[in-house]
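**Q** Contents of coords07.txt (compact mmCIF, N, CA and C atoms):
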```txt
# COMPACT_ATOMS: atom_id res chain seq x y z
N MET A 152 -48.84 48.47 48.90
CA MET A 152 -49.45 49.63 48.28
C MET A 152 -48.87 49.76 46.88
N ALA A 153 -49.70 49.61 45.88
CA ALA A 153 -49.25 49.67 44.49
C ALA A 153 -49.61 51.01 43.88
N PRO A 154 -48.62 51.68 43.27
CA PRO A 154 -48.93 52.97 42.66
C PRO A 154 -49.74 52.79 41.39
N SER A 155 -50.65 53.74 41.14
CA SER A 155 -51.38 53.71 39.89
C SER A 155 -50.65 54.55 38.85
N ARG A 156 -49.63 55.30 39.27
CA ARG A 156 -48.87 56.14 38.37
C ARG A 156 -47.42 56.22 38.83
N ARG A 157 -46.75 57.30 38.44
CA ARG A 157 -45.31 57.48 38.64
C ARG A 157 -44.89 57.63 40.11
N ARG A 158 -43.59 57.57 40.33
CA ARG A 158 -43.01 57.72 41.67
C ARG A 158 -42.59 59.17 41.88
N VAL A 159 -42.79 59.68 43.08
CA VAL A 159 -42.43 61.05 43.43
C VAL A 159 -41.13 61.03 44.20
N THR A 160 -40.21 61.91 43.82
CA THR A 160 -38.90 61.90 44.47
C THR A 160 -38.62 63.10 45.36
N SER A 161 -39.35 64.23 45.17
CA SER A 161 -39.10 65.37 46.04
C SER A 161 -40.31 66.29 46.11
N GLY A 162 -40.44 66.96 47.27
CA GLY A 162 -41.47 67.97 47.46
C GLY A 162 -42.89 67.46 47.32
N GLY A 163 -43.77 68.39 47.00
CA GLY A 163 -45.16 68.05 46.74
C GLY A 163 -46.00 67.88 48.00
N THR A 164 -47.05 67.10 47.84
CA THR A 164 -48.04 66.92 48.89
C THR A 164 -48.50 65.48 48.95
N LEU A 165 -48.67 64.97 50.15
CA LEU A 165 -49.30 63.67 50.38
C LEU A 165 -50.66 63.93 51.00
N VAL A 166 -51.71 63.41 50.39
CA VAL A 166 -53.07 63.57 50.89
C VAL A 166 -53.57 62.22 51.38
N LEU A 167 -54.15 62.21 52.57
CA LEU A 167 -54.76 61.01 53.12
C LEU A 167 -56.27 61.11 52.99
N ASP A 168 -56.90 60.08 52.41
CA ASP A 168 -58.36 60.04 52.43
C ASP A 168 -58.79 59.43 53.77
N SER A 169 -60.05 59.13 53.91
CA SER A 169 -60.56 58.61 55.19
C SER A 169 -59.85 57.32 55.60
N GLN A 170 -59.70 56.41 54.66
CA GLN A 170 -59.02 55.14 54.98
C GLN A 170 -57.55 55.40 55.31
N GLY A 171 -56.92 56.30 54.57
CA GLY A 171 -55.53 56.64 54.86
C GLY A 171 -55.37 57.22 56.25
N LEU A 172 -56.29 58.12 56.63
CA LEU A 172 -56.25 58.69 57.97
C LEU A 172 -56.52 57.62 59.03
N SER A 173 -57.50 56.77 58.78
CA SER A 173 -57.81 55.70 59.74
C SER A 173 -56.61 54.79 59.95
N LEU A 174 -55.94 54.45 58.87
CA LEU A 174 -54.77 53.59 58.98
C LEU A 174 -53.60 54.31 59.65
N PHE A 175 -53.47 55.61 59.42
CA PHE A 175 -52.44 56.39 60.10
C PHE A 175 -52.71 56.43 61.60
N VAL A 176 -53.96 56.65 61.96
CA VAL A 176 -54.35 56.64 63.38
C VAL A 176 -54.02 55.28 63.99
N GLY A 177 -54.26 54.21 63.23
CA GLY A 177 -54.01 52.86 63.71
C GLY A 177 -52.56 52.40 63.57
N ARG A 178 -51.69 53.32 63.15
CA ARG A 178 -50.25 53.04 63.01
C ARG A 178 -49.95 51.93 62.01
N ASP A 179 -50.72 51.88 60.94
CA ASP A 179 -50.47 50.91 59.87
C ASP A 179 -49.07 51.15 59.29
N ARG A 180 -48.30 50.08 59.16
CA ARG A 180 -46.90 50.20 58.73
C ARG A 180 -46.77 50.83 57.35
N THR A 181 -47.62 50.44 56.43
CA THR A 181 -47.54 50.97 55.06
C THR A 181 -47.80 52.46 55.03
N VAL A 182 -48.84 52.89 55.74
CA VAL A 182 -49.18 54.32 55.76
C VAL A 182 -48.12 55.10 56.54
N MET A 183 -47.66 54.55 57.64
CA MET A 183 -46.61 55.24 58.41
C MET A 183 -45.36 55.42 57.55
N ALA A 184 -45.01 54.42 56.77
CA ALA A 184 -43.84 54.50 55.88
C ALA A 184 -44.06 55.54 54.80
N ALA A 185 -45.27 55.61 54.25
CA ALA A 185 -45.57 56.60 53.21
C ALA A 185 -45.47 58.02 53.77
N VAL A 186 -45.99 58.22 54.98
CA VAL A 186 -45.91 59.54 55.61
C VAL A 186 -44.45 59.90 55.91
N ALA A 187 -43.69 58.95 56.42
CA ALA A 187 -42.27 59.21 56.71
C ALA A 187 -41.51 59.54 55.43
N SER A 188 -41.80 58.82 54.36
CA SER A 188 -41.16 59.08 53.07
C SER A 188 -41.52 60.47 52.55
N ALA A 189 -42.78 60.84 52.67
CA ALA A 189 -43.22 62.17 52.23
C ALA A 189 -42.48 63.25 53.01
N ARG A 190 -42.38 63.08 54.29
CA ARG A 190 -41.68 64.08 55.11
C ARG A 190 -40.21 64.19 54.74
N ARG A 191 -39.58 63.03 54.47
CA ARG A 191 -38.16 63.04 54.09
C ARG A 191 -37.94 63.82 52.79
N ARG A 192 -38.89 63.73 51.88
CA ARG A 192 -38.72 64.44 50.61
C ARG A 192 -39.26 65.88 50.67
N GLY A 193 -39.69 66.31 51.87
CA GLY A 193 -40.13 67.68 52.06
C GLY A 193 -41.56 67.94 51.65
N ALA A 194 -42.37 66.91 51.54
CA ALA A 194 -43.77 67.08 51.15
C ALA A 194 -44.62 67.48 52.35
N ASN A 195 -45.69 68.21 52.09
CA ASN A 195 -46.70 68.47 53.10
C ASN A 195 -47.58 67.23 53.20
N VAL A 196 -48.03 66.92 54.39
CA VAL A 196 -48.95 65.80 54.60
C VAL A 196 -50.27 66.41 55.05
N VAL A 197 -51.30 66.26 54.21
CA VAL A 197 -52.56 66.96 54.45
C VAL A 197 -53.75 66.00 54.49
N VAL A 198 -54.78 66.50 55.13
CA VAL A 198 -56.06 65.79 55.17
C VAL A 198 -57.15 66.86 55.12
N SER A 199 -58.21 66.57 54.38
CA SER A 199 -59.34 67.48 54.32
C SER A 199 -60.06 67.47 55.66
N GLY A 200 -60.49 68.63 56.11
CA GLY A 200 -61.23 68.70 57.36
C GLY A 200 -62.46 67.81 57.38
N VAL A 201 -63.10 67.63 56.23
CA VAL A 201 -64.29 66.78 56.18
C VAL A 201 -63.95 65.31 56.45
N THR A 202 -62.71 64.94 56.20
CA THR A 202 -62.28 63.57 56.42
C THR A 202 -62.21 63.23 57.91
N LEU A 203 -61.99 64.24 58.74
CA LEU A 203 -61.87 63.98 60.18
C LEU A 203 -63.12 63.30 60.73
N LEU A 204 -64.26 63.82 60.38
CA LEU A 204 -65.51 63.25 60.88
C LEU A 204 -65.74 61.86 60.32
N GLU A 205 -65.42 61.67 59.06
CA GLU A 205 -65.61 60.37 58.43
C GLU A 205 -64.69 59.31 59.05
N ALA A 206 -63.48 59.69 59.41
CA ALA A 206 -62.50 58.72 59.91
C ALA A 206 -62.50 58.55 61.42
N HIS A 207 -63.13 59.46 62.14
CA HIS A 207 -63.08 59.40 63.61
C HIS A 207 -63.77 58.15 64.14
N ARG A 208 -63.15 57.52 65.12
CA ARG A 208 -63.71 56.34 65.78
C ARG A 208 -63.72 56.59 67.28
N VAL A 209 -64.83 56.29 67.93
CA VAL A 209 -64.96 56.57 69.37
C VAL A 209 -63.98 55.75 70.20
N GLU A 210 -63.54 54.61 69.67
CA GLU A 210 -62.62 53.79 70.45
C GLU A 210 -61.19 54.33 70.46
N VAL A 211 -60.90 55.32 69.64
CA VAL A 211 -59.57 55.92 69.64
C VAL A 211 -59.50 56.95 70.75
N LYS A 212 -58.50 56.81 71.59
CA LYS A 212 -58.35 57.75 72.70
C LYS A 212 -58.14 59.16 72.17
N GLN A 213 -58.79 60.12 72.81
CA GLN A 213 -58.74 61.51 72.36
C GLN A 213 -57.31 62.04 72.29
N ALA A 214 -56.48 61.68 73.24
CA ALA A 214 -55.09 62.16 73.24
C ALA A 214 -54.35 61.67 72.00
N HIS A 215 -54.58 60.40 71.62
CA HIS A 215 -53.93 59.86 70.42
C HIS A 215 -54.46 60.56 69.18
N TRP A 216 -55.79 60.74 69.12
CA TRP A 216 -56.41 61.42 67.98
C TRP A 216 -55.80 62.82 67.81
N GLU A 217 -55.69 63.57 68.90
CA GLU A 217 -55.14 64.92 68.84
C GLU A 217 -53.67 64.90 68.43
N TYR A 218 -52.92 63.90 68.92
CA TYR A 218 -51.52 63.78 68.51
C TYR A 218 -51.42 63.54 67.01
N VAL A 219 -52.24 62.63 66.48
CA VAL A 219 -52.23 62.34 65.04
C VAL A 219 -52.54 63.61 64.25
N LEU A 220 -53.57 64.33 64.67
CA LEU A 220 -53.94 65.55 63.95
C LEU A 220 -52.84 66.59 63.99
N SER A 221 -52.07 66.60 65.08
CA SER A 221 -50.97 67.57 65.18
C SER A 221 -49.86 67.27 64.18
N GLN A 222 -49.85 66.06 63.63
CA GLN A 222 -48.84 65.65 62.66
C GLN A 222 -49.24 65.97 61.23
N LEU A 223 -50.46 66.47 61.04
CA LEU A 223 -51.01 66.69 59.70
C LEU A 223 -51.42 68.14 59.52
N ASP A 224 -51.45 68.57 58.27
CA ASP A 224 -52.07 69.85 57.94
C ASP A 224 -53.53 69.56 57.63
N VAL A 225 -54.43 69.98 58.52
CA VAL A 225 -55.86 69.77 58.33
C VAL A 225 -56.41 71.00 57.61
N LEU A 226 -56.96 70.78 56.41
CA LEU A 226 -57.41 71.89 55.58
C LEU A 226 -58.93 71.98 55.55
N PRO A 227 -59.46 73.14 55.91
CA PRO A 227 -60.92 73.31 55.92
C PRO A 227 -61.46 73.51 54.50
N MET A 228 -62.72 73.15 54.32
CA MET A 228 -63.41 73.41 53.06
C MET A 228 -63.82 74.87 53.04
N SER A 229 -63.61 75.50 51.92
CA SER A 229 -64.07 76.88 51.73
C SER A 229 -65.27 76.85 50.79
N VAL A 230 -65.94 77.96 50.69
CA VAL A 230 -67.06 78.05 49.75
C VAL A 230 -66.54 77.87 48.32
N THR A 231 -65.38 78.40 48.04
CA THR A 231 -64.78 78.23 46.70
C THR A 231 -64.54 76.76 46.41
N TRP A 232 -63.96 76.03 47.38
CA TRP A 232 -63.70 74.61 47.17
C TRP A 232 -65.01 73.82 47.07
N PHE A 233 -66.04 74.24 47.83
CA PHE A 233 -67.34 73.59 47.71
C PHE A 233 -67.84 73.71 46.28
N ARG A 234 -67.75 74.91 45.71
CA ARG A 234 -68.20 75.12 44.33
C ARG A 234 -67.39 74.28 43.36
N GLU A 235 -66.09 74.21 43.57
CA GLU A 235 -65.24 73.38 42.72
C GLU A 235 -65.62 71.91 42.83
N ALA A 236 -65.90 71.45 44.05
CA ALA A 236 -66.30 70.05 44.26
C ALA A 236 -67.63 69.76 43.56
N LYS A 237 -68.56 70.69 43.65
CA LYS A 237 -69.86 70.55 42.98
C LYS A 237 -69.66 70.43 41.47
N ASP A 238 -68.82 71.29 40.91
CA ASP A 238 -68.54 71.25 39.48
C ASP A 238 -67.81 69.97 39.09
N LEU A 239 -66.92 69.52 39.95
CA LEU A 239 -66.17 68.29 39.71
C LEU A 239 -67.12 67.09 39.63
N LEU A 240 -68.06 67.02 40.56
CA LEU A 240 -69.07 65.95 40.53
C LEU A 240 -69.88 65.99 39.25
N ALA A 241 -70.30 67.17 38.86
CA ALA A 241 -71.09 67.31 37.64
C ALA A 241 -70.29 66.87 36.41
N ALA A 242 -69.03 67.27 36.35
CA ALA A 242 -68.18 66.91 35.21
C ALA A 242 -67.95 65.40 35.14
N ALA A 243 -67.90 64.76 36.30
CA ALA A 243 -67.67 63.30 36.36
C ALA A 243 -68.98 62.52 36.22
N GLY A 244 -70.11 63.23 36.18
CA GLY A 244 -71.40 62.56 36.09
C GLY A 244 -71.80 61.85 37.37
N LEU A 245 -71.33 62.35 38.50
CA LEU A 245 -71.62 61.76 39.80
C LEU A 245 -72.46 62.73 40.62
N HIS A 246 -73.24 62.18 41.56
CA HIS A 246 -74.03 63.05 42.42
C HIS A 246 -74.43 62.30 43.68
N GLY A 247 -74.88 63.04 44.67
CA GLY A 247 -75.39 62.44 45.89
C GLY A 247 -74.35 62.32 46.99
N HIS A 248 -74.87 61.94 48.17
CA HIS A 248 -74.01 61.88 49.35
C HIS A 248 -72.92 60.83 49.22
N LYS A 249 -73.13 59.81 48.41
CA LYS A 249 -72.11 58.76 48.25
C LYS A 249 -70.78 59.33 47.76
N TYR A 250 -70.85 60.37 46.94
CA TYR A 250 -69.65 60.93 46.34
C TYR A 250 -69.24 62.28 46.93
N ALA A 251 -70.05 62.84 47.82
CA ALA A 251 -69.80 64.19 48.32
C ALA A 251 -68.45 64.31 49.03
N VAL A 252 -68.16 63.43 49.96
CA VAL A 252 -66.88 63.51 50.68
C VAL A 252 -65.72 63.24 49.74
N ASP A 253 -65.88 62.26 48.84
CA ASP A 253 -64.81 61.99 47.87
C ASP A 253 -64.50 63.23 47.05
N ALA A 254 -65.54 63.96 46.63
CA ALA A 254 -65.32 65.17 45.83
C ALA A 254 -64.59 66.23 46.64
N MET A 255 -64.92 66.36 47.91
CA MET A 255 -64.25 67.36 48.75
C MET A 255 -62.78 66.98 48.99
N VAL A 256 -62.51 65.69 49.15
CA VAL A 256 -61.13 65.23 49.30
C VAL A 256 -60.37 65.44 47.99
N ALA A 257 -61.03 65.15 46.88
CA ALA A 257 -60.40 65.34 45.56
C ALA A 257 -60.05 66.81 45.34
N ILE A 258 -60.96 67.71 45.67
CA ILE A 258 -60.70 69.14 45.50
C ILE A 258 -59.57 69.60 46.42
N THR A 259 -59.53 69.06 47.61
CA THR A 259 -58.41 69.37 48.51
C THR A 259 -57.10 68.99 47.85
N ALA A 260 -57.05 67.77 47.28
CA ALA A 260 -55.84 67.30 46.61
C ALA A 260 -55.50 68.16 45.40
N LEU A 261 -56.51 68.48 44.60
CA LEU A 261 -56.28 69.24 43.36
C LEU A 261 -55.82 70.68 43.63
N ASN A 262 -56.01 71.16 44.84
CA ASN A 262 -55.60 72.52 45.19
C ASN A 262 -54.27 72.56 45.95
N GLN A 263 -53.53 71.46 45.95
CA GLN A 263 -52.24 71.41 46.65
C GLN A 263 -51.09 71.54 45.67
N PRO A 264 -49.93 72.00 46.18
CA PRO A 264 -48.76 72.05 45.30
C PRO A 264 -48.32 70.65 44.92
N GLY A 265 -47.98 70.49 43.66
CA GLY A 265 -47.60 69.18 43.15
C GLY A 265 -46.12 68.91 43.28
N PRO A 266 -45.78 67.69 43.00
CA PRO A 266 -46.71 66.61 42.67
C PRO A 266 -47.52 66.19 43.90
N VAL A 267 -48.75 65.76 43.65
CA VAL A 267 -49.64 65.35 44.72
C VAL A 267 -49.88 63.85 44.65
N VAL A 268 -49.68 63.21 45.79
CA VAL A 268 -49.93 61.78 45.95
C VAL A 268 -51.07 61.63 46.93
N MET A 269 -52.01 60.74 46.63
CA MET A 269 -53.11 60.47 47.55
C MET A 269 -53.11 58.99 47.90
N LEU A 270 -53.19 58.71 49.21
CA LEU A 270 -53.41 57.35 49.68
C LEU A 270 -54.91 57.18 49.80
N THR A 271 -55.48 56.22 49.06
CA THR A 271 -56.93 56.08 49.02
C THR A 271 -57.36 54.63 48.93
N SER A 272 -58.51 54.35 49.50
CA SER A 272 -59.11 53.03 49.36
C SER A 272 -60.09 53.00 48.19
N ASP A 273 -60.26 54.12 47.51
CA ASP A 273 -61.25 54.23 46.45
C ASP A 273 -60.62 54.78 45.18
N VAL A 274 -59.71 54.00 44.60
CA VAL A 274 -58.98 54.44 43.42
C VAL A 274 -59.92 54.71 42.24
N ASP A 275 -60.93 53.89 42.06
CA ASP A 275 -61.83 54.07 40.92
C ASP A 275 -62.51 55.43 40.94
N ASP A 276 -63.18 55.76 42.05
CA ASP A 276 -63.87 57.05 42.13
C ASP A 276 -62.89 58.21 42.14
N MET A 277 -61.78 58.07 42.85
CA MET A 277 -60.81 59.16 42.89
C MET A 277 -60.17 59.39 41.52
N SER A 278 -60.00 58.34 40.74
CA SER A 278 -59.48 58.50 39.38
C SER A 278 -60.45 59.33 38.54
N ARG A 279 -61.72 59.04 38.68
CA ARG A 279 -62.75 59.79 37.95
C ARG A 279 -62.77 61.25 38.38
N LEU A 280 -62.58 61.49 39.65
CA LEU A 280 -62.66 62.86 40.17
C LEU A 280 -61.37 63.65 39.99
N CYS A 281 -60.23 63.00 40.16
CA CYS A 281 -58.95 63.72 40.14
C CYS A 281 -58.28 63.74 38.77
N GLY A 282 -58.60 62.77 37.94
CA GLY A 282 -57.93 62.69 36.65
C GLY A 282 -56.46 62.39 36.83
N PRO A 283 -55.66 62.71 35.82
CA PRO A 283 -54.24 62.34 35.85
C PRO A 283 -53.36 63.25 36.71
N ARG A 284 -53.90 64.32 37.27
CA ARG A 284 -53.08 65.27 38.04
C ARG A 284 -52.66 64.73 39.38
N ILE A 285 -53.36 63.73 39.92
CA ILE A 285 -53.08 63.20 41.25
C ILE A 285 -52.57 61.77 41.11
N ILE A 286 -51.48 61.48 41.80
CA ILE A 286 -50.94 60.12 41.83
C ILE A 286 -51.67 59.35 42.92
N LEU A 287 -52.33 58.29 42.55
CA LEU A 287 -53.14 57.53 43.51
C LEU A 287 -52.42 56.25 43.91
N TYR A 288 -52.37 55.99 45.21
CA TYR A 288 -51.85 54.74 45.75
C TYR A 288 -53.00 54.04 46.46
N ALA A 289 -53.27 52.82 46.03
CA ALA A 289 -54.36 52.05 46.61
C ALA A 289 -53.98 51.49 47.96
N LEU A 290 -54.90 51.64 48.91
CA LEU A 290 -54.72 51.07 50.25
C LEU A 290 -55.49 49.76 50.34
```
Write the structure described by the file as structure tokens, please.
**A**
Amino acid sequence: MAPSRRRVTSGGTLVLDSQGLSLFVGRDRTVMAAVASARRRGANVVVSGVTLLEAHRVEVKQAHWEYVLSQLDVLPMSVTWFREAKDLLAAAGLHGHKYAVDAMVAITALNQPGPVVMLTSDVDDMSRLCGPRIILYAL
């Protein structure tokens, strides 16, 4: 996992996108290490509620899925965040369902206490949506 920006040493928030959540569910060593590191430095580990549906796989046992979710702060979308996501898409010149979930994940990240780190498989789009405020790590 290569950082696109600086290293975080204390506090803040770690955000998992859909791929990050999927890899966490699958016990990927890199993601597990990132989550453990975030916890050691006192960071919150969060996932947008919209990401749950995108990342859910029927082959994952429900008990494991529930255990994973119990380890994360799952944040629901509010009407305010929806409006912010809509404006974010417009500002980035993006539109449509292809970018809708990315925008909601980006807004979730942008509304967290910093520094904020996001584990993402889509650095290009997340860079456009989040700008320099979010530290992106490519999965």
**Q** Write out as CSV the residues of stretch 161-248 of chain A that have any atom within 12 Å of an atom of stretch 266-285 of chain A, one row each with the nearest atom pair and its distance in Å to one decimal, counting only C-alpha atoms, sorted by chain and then rising number.
**A**
```
residue,atom,partner,partner_atom,distance
A:Ser161,CA,A:Pro266,CA,8.4
A:Gly162,CA,A:Pro266,CA,7.2
A:Gly163,CA,A:Pro266,CA,4.6
A:Thr164,CA,A:Val267,CA,4.7
A:Leu165,CA,A:Val268,CA,4.9
A:Val166,CA,A:Met269,CA,4.6
A:Leu167,CA,A:Leu270,CA,5.2
A:Asp168,CA,A:Thr271,CA,5.4
A:Ser169,CA,A:Thr271,CA,7.6
A:Gln170,CA,A:Ser272,CA,6.0
A:Gly171,CA,A:Leu270,CA,5.6
A:Leu172,CA,A:Leu270,CA,8.9
A:Ser173,CA,A:Thr271,CA,10.8
A:Leu174,CA,A:Leu270,CA,10.1
A:Phe175,CA,A:Leu270,CA,10.5
A:Thr181,CA,A:Leu270,CA,10.2
A:Val182,CA,A:Leu270,CA,8.0
A:Met183,CA,A:Leu270,CA,11.3
A:Ala184,CA,A:Leu270,CA,11.8
A:Ala185,CA,A:Leu270,CA,8.6
A:Val186,CA,A:Leu270,CA,9.8
A:Ser188,CA,A:Val268,CA,11.6
A:Ala189,CA,A:Val268,CA,9.2
A:Arg192,CA,A:Pro266,CA,11.5
A:Gly193,CA,A:Pro266,CA,11.5
A:Ala194,CA,A:Val267,CA,8.9
A:Asn195,CA,A:Val267,CA,9.4
A:Val196,CA,A:Val268,CA,9.6
A:Val197,CA,A:Met269,CA,9.5
A:Val198,CA,A:Met269,CA,9.8
A:Ser199,CA,A:Met269,CA,11.6
A:Thr202,CA,A:Thr271,CA,11.8
A:Glu235,CA,A:Leu280,CA,11.1
A:Ala236,CA,A:Leu280,CA,9.0
A:Lys237,CA,A:Leu280,CA,10.9
A:Asp238,CA,A:Leu280,CA,10.3
A:Leu239,CA,A:Leu280,CA,6.5
A:Leu240,CA,A:Leu280,CA,7.1
A:Ala241,CA,A:Leu280,CA,9.9
A:Ala242,CA,A:Leu280,CA,8.5
A:Ala243,CA,A:Arg279,CA,6.2
A:Gly244,CA,A:Arg279,CA,9.3
A:Leu245,CA,A:Leu280,CA,9.0
A:His246,CA,A:Leu280,CA,11.6
```
**Q** Quick one: pick out all helix (DSSP H, G or I) residues within chain A from a backbone DSSP run and write them as a PyMOL selection string.
**A** chain A and resi 169-176+180-191+200-206+213-221+230-243+248-261+274-284
**Q** What is the distance between atom CA of A:Val225 and atom CA of A:Gly200, in Å to one decimal?
**A**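 Here the two named atoms are 5.6 Å from each other.
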**Q** Suppose you want the space between atom CA of A:Thr259 and atom C of A:Gln222; what is it in Å?
**A**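 Interatomic distance here is 16.0 Å.
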**Q** Would you list, as a list of chain:residue names, the residues of stretch 181-278 of chain A that end up in strand (DSSP E) under DSSP run on this structure's backbone?
**A**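 The strand (DSSP E) residues within stretch 181-278 of chain A come out as A:Asn195, A:Val196, A:Val197, A:Val198, A:Ser199, A:Asp224, A:Val225, A:Leu226, A:Val267, A:Val268, A:Met269, A:Leu270, A:Thr271.
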**Q** Between A:Ala214, A:Met228, A:Leu290, A:Leu223, which has the minimum distance to A:Val252 (counting only C-alpha atoms)?
**A** A:Met228
**Q** Report, in Å to a single decimal, how far apart atom C of A:Asp253 and atom CA of A:Leu220 are.
**A**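 These atoms are spaced 20.1 Å apart.
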